[in-house]
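Asks: Got a structure here, written out as structure tokens. Questions coming.
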Amino acid sequence: MIVLRFAASPSRDLHLGDLRIALINALVARQRGEGFLLRITDRDPKALAEDPEQTIQPILEKCVRHDQIFHQSESLHRYRQLAVSLVERDKAFVCTCSPETPDNETYACNGACQNHTPKERARIYEEKRPYAIRVIRPDAPVVFDDVLAGTITTHPDTIGDHLLLRTDGVPSEAFAGAVDDMLGGISTVIRDEAERLRTAQEIHIRSQLGYTEAITYAHLPPLSGELPAIKTLFEEGFLPDAIVNYLLTLGQTPPAKIFTFPEAVAWFDLQHLSAAPIVYDPEALLELNREHLRRMDDKALSGLYRFADADIGRLIKLYLDEAPTLRELDEHIPQIFAPKPCDGEHGDTMRTLASLIASAPPFDDFEAFTAYLIDQTGLYGDSLSIPLRRILTGRTDGPALSDLYPFIRSYITEVARCQP
RNA sequence: GACCCUUUCAUCUAGUGGCCAAGGAUGCUACGUUUUCAUCGUAGUCACAGAGGUUCAAAUCCUCUAAGGGUCGCCA
């Protein structure tokens, strides 16, 4: 089973870098016919301001589907049990150093605790003194193979006497992760490069626990730049498919510019992902979003604006050049069908046009339509086209009216209305 | 401070010692096709971070320098 873990901290919204890792996990799991597990790291109830399921899942689900979900809060007793067993086998020790540390200093256990005799230990338990549990650092460097970066060696001192259980009984991320991967029979872990040290710690912990199954690790390079939260991207009108498309093009050369998740399953290759850091390029995302919108079914697209008319979809697509996201389209599309403010310089003309159009016969094409208006009003050039554009679109800019007309023709009396 | 990772066009990348005076895709610029836009076609634009080695031969291996990122908590 491939594993994916998310920090449950609601202090930071899920961003593009997180989603990329989630996607790649899901993709590789799919390729291998394995499951994709979403692990909620809710070990510390005090640290949770919001229910992670409410904040993470709705966002994730639009882009990736998981097969299973696991909450660390459900197996807190197991972490403790295993930590204690390590102490009994002299792989770990009970640490009574004070958790309070002066503001600027890095806290470190002075090592004295490591030499507790079993008798001293019993007394600590008996007196109910607060204690934490730490693993004894490895006596040799921890070595593992990373799919992208090759062999990684971590020195014992870097790993340190890693803390397993806090005084309050909450397990550390590495400890909980090590245990979960072991008990869950996890085959592959794909995560951020920043967690590389954690990997070494987990390997050490697991070997102390006597677990020998090898786990494949891939540490992905970070995405740098101003990473927007996924939530924000949705609000700005990016399609989940476009975001998925963008994220999966990074680190390799896809066979096509535009593709979907299921298509990527066929060619994506974890082994050949680039290990170089990647700069988030908003332009590229925008371009892909435009392209995904363009390829959307006309009728489905119109549905976003409560129509079920392929013509409206085609109308919307005329605006894609200037408005590549749904939010930007919102500045153009709804007002076409809303009553227009008939004020200012062209107000009178707009009112005239509105009533003229309301009583006019239907016209097949734009030329016949304008010919009729010219004939009826005696206006021509800008003095006609500007108010006409305003009464039809509510704006003074946009695609050519002749392009727009065929699609709004059947809605013309609804379109050409003045606000009361 | 210590340790780790990374560094090819504007962007994403191909490239694991000769096929690389570096290829593709996207972008951009022209031109063409097209009823406009889009599509499509053609052409152009643009890169091996720097310096030293090793070698008959280096984008590719080694060393140093620089830049970017990361990790060193009873932080999530």
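By convention here, the chains of the structure tokens are called A, B, ... in the order presented, each chain's residues are numbered starting at 1, and ligands are numbered starting at 1 in the order presented.
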Counting only C-alpha atoms (C1' of nucleotides), which residues of chain B come no farther than 6 Å from chain A, as a list in words?
Replies: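 My answer is U6, C12, U13, G70, C74 and A76 of chain B.
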Asks: Take the selection from the previous step and output its residues with C-alpha atoms (C1' of nucleotides), as a tab-separated table (two decimals), in the first residue's frame.
Replies:
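Listing of selection.tsv after writing:
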```tsv
chain	number	residue	atom	x	y	z
B	6	U	C1'	19.56	20.87	-6.14
B	12	C	C1'	8.53	22.52	-17.62
B	13	U	C1'	12.13	19.38	-19.23
B	70	G	C1'	15.95	22.02	3.24
B	74	C	C1'	8.47	17.94	24.50
B	76	A	C1'	2.29	21.15	13.27
```
Asks: Give me, as a list of chain:residue names, all polymer residues having an atom no more than 12 Å from G32 in chain B, counting only C-alpha atoms (C1' of nucleotides) and skipping those fewer than 5 positions away in the same chain.
Replies: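 With the cut-off at 12 Å, the set is B:C40, B:G41, B:U42, B:A43.
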Asks: Where does DSSP see helix (DSSP H, G or I) in range 307-338 of chain A, if you list the residues as a list in words?
Replies: Ala310, Asp311, Ile312, Gly313, Arg314, Leu315, Ile316, Lys317, Leu318, Leu326, Arg327, Glu328, Leu329, Ile333, Pro334, Gln335 and Ile336 of chain A
Asks: Put those residues in a file: N, CA, C and O atoms, as a PDB file, in the first residue's frame.
Replies:
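Everything below was put into out-v9.pdb:
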```pdb
ATOM      1  N   ALA A 310     -25.845  24.736 -25.365  1.00  0.00           N
ATOM      2  CA  ALA A 310     -24.500  24.701 -25.920  1.00  0.00           C
ATOM      3  C   ALA A 310     -24.090  26.058 -26.491  1.00  0.00           C
ATOM      4  O   ALA A 310     -22.919  26.419 -26.461  1.00  0.00           O
ATOM      5  N   ASP A 311     -25.068  26.818 -26.982  1.00  0.00           N
ATOM      6  CA  ASP A 311     -24.742  28.142 -27.516  1.00  0.00           C
ATOM      7  C   ASP A 311     -24.146  29.046 -26.445  1.00  0.00           C
ATOM      8  O   ASP A 311     -23.231  29.826 -26.711  1.00  0.00           O
ATOM      9  N   ILE A 312     -24.682  28.929 -25.237  1.00  0.00           N
ATOM     10  CA  ILE A 312     -24.137  29.753 -24.147  1.00  0.00           C
ATOM     11  C   ILE A 312     -22.712  29.310 -23.833  1.00  0.00           C
ATOM     12  O   ILE A 312     -21.838  30.126 -23.558  1.00  0.00           O
ATOM     13  N   GLY A 313     -22.481  28.017 -23.908  1.00  0.00           N
ATOM     14  CA  GLY A 313     -21.122  27.516 -23.720  1.00  0.00           C
ATOM     15  C   GLY A 313     -20.177  28.129 -24.741  1.00  0.00           C
ATOM     16  O   GLY A 313     -19.088  28.578 -24.405  1.00  0.00           O
ATOM     17  N   ARG A 314     -20.601  28.169 -25.976  1.00  0.00           N
ATOM     18  CA  ARG A 314     -19.765  28.762 -27.024  1.00  0.00           C
ATOM     19  C   ARG A 314     -19.563  30.254 -26.789  1.00  0.00           C
ATOM     20  O   ARG A 314     -18.493  30.800 -27.048  1.00  0.00           O
ATOM     21  N   LEU A 315     -20.614  30.887 -26.294  1.00  0.00           N
ATOM     22  CA  LEU A 315     -20.509  32.314 -25.968  1.00  0.00           C
ATOM     23  C   LEU A 315     -19.438  32.526 -24.898  1.00  0.00           C
ATOM     24  O   LEU A 315     -18.579  33.407 -25.019  1.00  0.00           O
ATOM     25  N   ILE A 316     -19.480  31.689 -23.867  1.00  0.00           N
ATOM     26  CA  ILE A 316     -18.507  31.818 -22.778  1.00  0.00           C
ATOM     27  C   ILE A 316     -17.096  31.644 -23.311  1.00  0.00           C
ATOM     28  O   ILE A 316     -16.175  32.366 -22.947  1.00  0.00           O
ATOM     29  N   LYS A 317     -16.936  30.721 -24.222  1.00  0.00           N
ATOM     30  CA  LYS A 317     -15.597  30.457 -24.746  1.00  0.00           C
ATOM     31  C   LYS A 317     -15.022  31.639 -25.519  1.00  0.00           C
ATOM     32  O   LYS A 317     -13.802  31.760 -25.654  1.00  0.00           O
ATOM     33  N   LEU A 318     -15.889  32.499 -26.029  1.00  0.00           N
ATOM     34  CA  LEU A 318     -15.388  33.699 -26.710  1.00  0.00           C
ATOM     35  C   LEU A 318     -14.609  34.581 -25.741  1.00  0.00           C
ATOM     36  O   LEU A 318     -13.770  35.381 -26.144  1.00  0.00           O
ATOM     37  N   LEU A 326     -12.794  31.003 -14.005  1.00  0.00           N
ATOM     38  CA  LEU A 326     -14.238  31.168 -13.820  1.00  0.00           C
ATOM     39  C   LEU A 326     -14.549  32.505 -13.156  1.00  0.00           C
ATOM     40  O   LEU A 326     -15.529  33.159 -13.479  1.00  0.00           O
ATOM     41  N   ARG A 327     -13.672  32.891 -12.244  1.00  0.00           N
ATOM     42  CA  ARG A 327     -13.964  34.144 -11.570  1.00  0.00           C
ATOM     43  C   ARG A 327     -13.891  35.331 -12.533  1.00  0.00           C
ATOM     44  O   ARG A 327     -14.693  36.253 -12.457  1.00  0.00           O
ATOM     45  N   GLU A 328     -12.951  35.281 -13.429  1.00  0.00           N
ATOM     46  CA  GLU A 328     -12.867  36.375 -14.388  1.00  0.00           C
ATOM     47  C   GLU A 328     -14.024  36.334 -15.384  1.00  0.00           C
ATOM     48  O   GLU A 328     -14.507  37.368 -15.819  1.00  0.00           O
ATOM     49  N   LEU A 329     -14.456  35.126 -15.692  1.00  0.00           N
ATOM     50  CA  LEU A 329     -15.633  35.024 -16.565  1.00  0.00           C
ATOM     51  C   LEU A 329     -16.848  35.631 -15.870  1.00  0.00           C
ATOM     52  O   LEU A 329     -17.725  36.205 -16.532  1.00  0.00           O
ATOM     53  N   ILE A 333     -19.900  37.278 -18.020  1.00  0.00           N
ATOM     54  CA  ILE A 333     -21.055  36.492 -18.442  1.00  0.00           C
ATOM     55  C   ILE A 333     -22.379  36.876 -17.761  1.00  0.00           C
ATOM     56  O   ILE A 333     -23.354  37.168 -18.455  1.00  0.00           O
ATOM     57  N   PRO A 334     -22.417  36.909 -16.409  1.00  0.00           N
ATOM     58  CA  PRO A 334     -23.728  37.148 -15.789  1.00  0.00           C
ATOM     59  C   PRO A 334     -24.350  38.466 -16.225  1.00  0.00           C
ATOM     60  O   PRO A 334     -25.563  38.560 -16.409  1.00  0.00           O
ATOM     61  N   GLN A 335     -23.527  39.472 -16.405  1.00  0.00           N
ATOM     62  CA  GLN A 335     -24.122  40.772 -16.714  1.00  0.00           C
ATOM     63  C   GLN A 335     -24.682  40.864 -18.132  1.00  0.00           C
ATOM     64  O   GLN A 335     -25.440  41.768 -18.432  1.00  0.00           O
ATOM     65  N   ILE A 336     -24.298  39.917 -18.963  1.00  0.00           N
ATOM     66  CA  ILE A 336     -24.914  39.914 -20.294  1.00  0.00           C
ATOM     67  C   ILE A 336     -26.419  39.668 -20.161  1.00  0.00           C
ATOM     68  O   ILE A 336     -27.223  40.256 -20.876  1.00  0.00           O
TER      69      ILE A 336
END
```
Asks: Hey, what's within 9 Å of Arg134 in chain A if we count only C-alpha atoms (C1' of nucleotides) and toss same-chain stuff fewer than 6 positions away? As a short mmCIF file (atom, residue, chain, number, x, y, z; two decimals) with C-alpha atoms, in the first residue's frame, please?
Replies:
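And here is the file that came out, out-v3.cif:
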```cif
data_model
loop_
_atom_site.label_atom_id
_atom_site.label_comp_id
_atom_site.auth_asym_id
_atom_site.auth_seq_id
_atom_site.Cartn_x
_atom_site.Cartn_y
_atom_site.Cartn_z
CA ALA A 83 7.51 3.04 23.34
CA VAL A 87 12.42 1.07 27.14
CA LYS A 91 16.48 0.57 23.14
CA ALA A 92 14.94 3.67 24.60
CA PHE A 93 15.04 5.50 27.90
CA VAL A 94 12.85 7.46 30.18
CA CYS A 95 13.76 11.12 30.11
CA GLN A 114 20.02 7.51 29.68
CA ASP A 161 18.14 10.67 20.92
CA HIS A 162 14.91 11.24 19.16
CA LEU A 163 11.89 11.90 21.31
CA LEU A 164 9.23 9.20 20.95
CA LEU A 165 6.65 10.27 23.46
CA ARG A 166 6.18 13.71 24.91
#
```
Asks: When DSSP works through the backbone of this structure, what residues of range 79-240 of chain A end up as strand (DSSP E), shown as an MDAnalysis selection string?
Replies: chainID A and resid 92:95 132:135 142:146 150:154 163:165 188:192 216:220 223:224
Asks: Residues near C64 in chain B, anyone? I mean within 12 Å using only C-alpha atoms (C1' of nucleotides), not counting same-chain ones fewer than 6 positions away, as a list in words.
Replies: G50, A51, G52 and G53 of chain B
Asks: Between A:Arg417, A:Arg306, A:His204, A:His71, which residue has the minimum interatomic distance to Ile357 in chain A, considering only C-alpha atoms?
Replies: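 Among the listed residues, the smallest separation from Ile357 in chain A belongs to A:Arg417.
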